[in-house]
Amino acid sequence: MSLTLSLPFPNPSLPSLSSHHHHRLLLSKPPKASSTQISIDSPPSNPCPPLPKKTGVIVIGAGLSGLAAATHLTSQNIPFLLLDASDAVGGRVRTDTVQGFLLDRGFQIFITSYPEAQKLLNYQTLDLKKFYSGAKIFYGGRFHTVSDPLRHFFDSLQTLANPIGSVLDKLLIASTRIRVLTKSDEEILSSDEVSTAELLSRIGFSESVVDRFFRPFFGGIFFDARLETTSRLFDFVFKCLALGDNTLPARGISAIPEQLAARLPAESVRLNSRVVSIDVEEGLGSVRLESGERLRSEMGVIVAVEEPEAVKLLAGKLNRDPVRKKTGSEHGLLVFLGG
Ligand SMILES: Cc1cc2nc3c(=O)[nH]c(=O)nc-3n(C[C@H](O)[C@H](O)[C@H](O)COP(=O)(O)OP(=O)(O)OC[C@H]3O[C@@H](n4cnc5c(N)ncnc54)[C@H](O)[C@@H]3O)c2cc1C
């Protein structure tokens, strides 16, 4: 069996998804923002070892997490410096132009109902183009359409008869939709959690619909074919899918990070600046760049890089390990080191 699916990924910056995506760890309380100014010292001309340059907050990583953190800092008038190793902002969310074609890196879909995205982005300027609300599933030698009955009613009548699940399974999908839509995000994200596989079994879905639809579809979204991901995330994504449209910006997925970056203060983003180490001394964080330059933070360091890199940068620097549960995928890690 092979599948053609839209794989919408959940917004990584959900604060209460304790076991997935980003883990936030406040090591010590940052001082009051108002007392801090960015000050980039010019290198001293005396023979003493050069003092590291100082800045308010240092944000490492200009992917969506780092850009979102920087956006919040900007809105609070907190000075910061956003550093990224790469030659452009966006992290995993990039678009290349090749012979006039816009090529997103990786298959990207933007679901309009992500709550954090609604707060941070101007959808109108993104000029979002919609995809069909559903999936084409290749099974038994041909494609079968699984569509959203509220948006594609007539297609959904065919969905009822297809072999992707029994009629009962399709009714259970409808009741699951009602269940998640009647809950607030807060209720979903604080509800009792089991694995997604366990939840689907408790609801009463047949093994065939789990294997033919849920596992490839949600397994693709979570990078977790065993569906061990928390039921909270399943409910949250199910709700987002029910409420939002699957879209892409007309200029490619990178229009999203570019929009966030364009609102940040000039000179606050430094590209081609790989951080090779973080030090926490006397409650203050400092970072060393690949170039050898050292930058000291007066307020704290936000680490918003992919998890393996964060683990490397933070090795031995944390009082305790970030909470982590195995989900079968490499997630980002967002850590605040209070200065
Ligand atoms: C193939 C693929 C398809 C996806 N499709 C979707 C989708 O359809 N919808 C969706 O919502 N999500 C999708 N995602 C997930 C989404 O892209 C990520 O969840 C999100 O981009 C993660 O953002 P981030 O800022 O946490 O991390 P990243 O995007 O990884 O950003 C980390 C940044 O840190 C920088 N960095 C790393 N180390 C250092 C260092 N030492 N010093 C300085 N900078 C450093 C990197 O250069 C990078 O810019 C997809 C992911 C992939 C891989």
# chains A, B, ... in the order shown; residues from 1 in each chain; ligands from 1
$ residues_near_ligand --ligand "ligand 1" --cutoff "6 Å" --atoms "only C-alpha atoms and all ligand atoms" --output "short mmCIF file (atom, residue, chain, number, x, y, z; two decimals) with N, CA and C atoms, in the first residue's frame"
data_model
loop_
_atom_site.label_atom_id
_atom_site.label_comp_id
_atom_site.auth_asym_id
_atom_site.auth_seq_id
_atom_site.Cartn_x
_atom_site.Cartn_y
_atom_site.Cartn_z
N LEU A 7 0.38 16.27 4.84
CA LEU A 7 0.86 16.05 6.19
C LEU A 7 1.01 17.36 6.91
N PRO A 8 -0.03 17.80 7.59
CA PRO A 8 0.08 19.06 8.31
C PRO A 8 0.75 18.85 9.65
N PHE A 9 1.76 19.63 9.94
CA PHE A 9 2.49 19.45 11.18
C PHE A 9 2.00 20.39 12.25
N PRO A 10 1.93 19.91 13.48
CA PRO A 10 1.47 20.77 14.55
C PRO A 10 2.43 21.89 14.84
N ASN A 11 1.88 22.97 15.32
CA ASN A 11 2.74 24.07 15.72
C ASN A 11 3.62 23.63 16.88
N PRO A 12 4.92 23.83 16.75
CA PRO A 12 5.81 23.30 17.76
C PRO A 12 5.85 24.07 19.05
N ILE A 60 19.19 31.77 20.27
CA ILE A 60 19.98 30.95 19.33
C ILE A 60 19.02 30.15 18.46
N GLY A 61 19.07 30.41 17.17
CA GLY A 61 18.21 29.70 16.23
C GLY A 61 17.11 30.60 15.71
N ALA A 62 17.12 30.85 14.39
CA ALA A 62 16.09 31.71 13.78
C ALA A 62 15.11 30.89 12.95
N GLY A 63 14.77 29.69 13.47
CA GLY A 63 13.66 28.94 12.90
C GLY A 63 12.37 29.55 13.46
N LEU A 64 11.25 28.86 13.27
CA LEU A 64 9.98 29.43 13.73
C LEU A 64 9.97 29.66 15.24
N SER A 65 10.62 28.77 16.01
CA SER A 65 10.61 28.93 17.47
C SER A 65 11.38 30.18 17.87
N GLY A 66 12.60 30.33 17.33
CA GLY A 66 13.41 31.49 17.67
C GLY A 66 12.76 32.77 17.19
N LEU A 83 20.56 34.81 16.75
CA LEU A 83 21.71 34.27 16.02
C LEU A 83 21.31 33.01 15.25
N ASP A 84 21.76 32.88 14.04
CA ASP A 84 21.51 31.63 13.31
C ASP A 84 22.73 31.24 12.51
N ALA A 85 22.95 29.93 12.48
CA ALA A 85 24.11 29.39 11.77
C ALA A 85 23.95 29.49 10.26
N SER A 86 22.72 29.53 9.82
CA SER A 86 22.45 29.44 8.39
C SER A 86 22.51 30.81 7.70
N VAL A 89 16.79 33.14 7.56
CA VAL A 89 15.94 32.72 8.67
C VAL A 89 15.01 31.59 8.18
N GLY A 90 14.35 30.91 9.12
CA GLY A 90 13.34 29.91 8.74
C GLY A 90 13.65 28.51 9.21
N GLY A 91 14.93 28.19 9.41
CA GLY A 91 15.27 26.83 9.85
C GLY A 91 14.77 25.80 8.85
N ARG A 92 13.92 24.90 9.33
CA ARG A 92 13.40 23.85 8.44
C ARG A 92 12.35 24.39 7.47
N VAL A 93 11.92 25.62 7.70
CA VAL A 93 10.86 26.19 6.86
C VAL A 93 11.49 27.15 5.84
N GLY A 106 11.34 20.10 1.94
CA GLY A 106 10.43 19.18 2.62
C GLY A 106 9.02 19.51 2.20
N PHE A 107 8.11 18.58 2.39
CA PHE A 107 6.73 18.84 2.03
C PHE A 107 6.07 19.64 3.14
N GLN A 108 5.60 20.80 2.83
CA GLN A 108 5.07 21.69 3.87
C GLN A 108 3.60 21.99 3.63
N ILE A 109 2.86 22.08 4.70
CA ILE A 109 1.45 22.49 4.68
C ILE A 109 1.25 23.39 5.88
N PHE A 110 0.50 24.44 5.69
CA PHE A 110 0.22 25.33 6.82
C PHE A 110 -1.28 25.27 7.14
N SER A 273 26.04 32.78 11.83
CA SER A 273 26.67 32.91 13.15
C SER A 273 26.38 31.66 13.98
N ARG A 274 27.19 30.66 13.79
CA ARG A 274 26.96 29.42 14.53
C ARG A 274 27.48 29.54 15.95
N VAL A 275 26.65 29.17 16.90
CA VAL A 275 27.06 29.15 18.30
C VAL A 275 27.72 27.80 18.57
N VAL A 276 28.92 27.83 19.15
CA VAL A 276 29.59 26.56 19.41
C VAL A 276 29.57 26.19 20.89
N ALA A 304 16.81 27.79 20.79
CA ALA A 304 15.68 27.37 19.94
C ALA A 304 16.22 26.65 18.72
N VAL A 305 16.97 25.59 18.98
CA VAL A 305 17.58 24.82 17.88
C VAL A 305 17.05 23.39 17.95
N GLU A 306 17.35 22.62 16.93
CA GLU A 306 16.88 21.24 16.92
C GLU A 306 17.48 20.48 18.11
N GLU A 309 21.20 19.28 18.56
CA GLU A 309 22.13 20.41 18.67
C GLU A 309 22.00 21.06 20.05
N GLY A 332 12.42 19.96 17.98
CA GLY A 332 13.19 21.10 18.43
C GLY A 332 13.18 21.14 19.95
#
$ residues_around --residues "A:Thr71" --least-positions-apart "4" --cutoff "9 Å" --atoms "only C-alpha atoms" --output "PyMOL selection string"
chain A and resi 66-67+75-76+120+260-261+263-264
$ closest_residue --among "A:Leu126, A:Val146, A:Leu121, A:Leu103" --to "A:Phe214" --atoms "only C-alpha atoms"
A:Val146
$ closest_residue --among "A:His72, A:Pro79, A:Thr247, A:Ala242" --to "A:Ser297" --atoms "only C-alpha atoms"
A:Pro79
$ residues_around --residues "A:Ser254" --least-positions-apart "2" --cutoff "7 Å" --atoms "only C-alpha atoms" --output "number ranges by chain"
A: 90, 93-95, 252, 256-258
$ residues_around --residues "A:Ser208" --least-positions-apart "4" --cutoff "9 Å" --atoms "only C-alpha atoms" --output "PyMOL selection string"
chain A and resi 163-166+212-213
$ atom_distance --atom1 "atom CA of A:Lys239" --atom2 "atom CA of A:Ala255"
24.8 Å
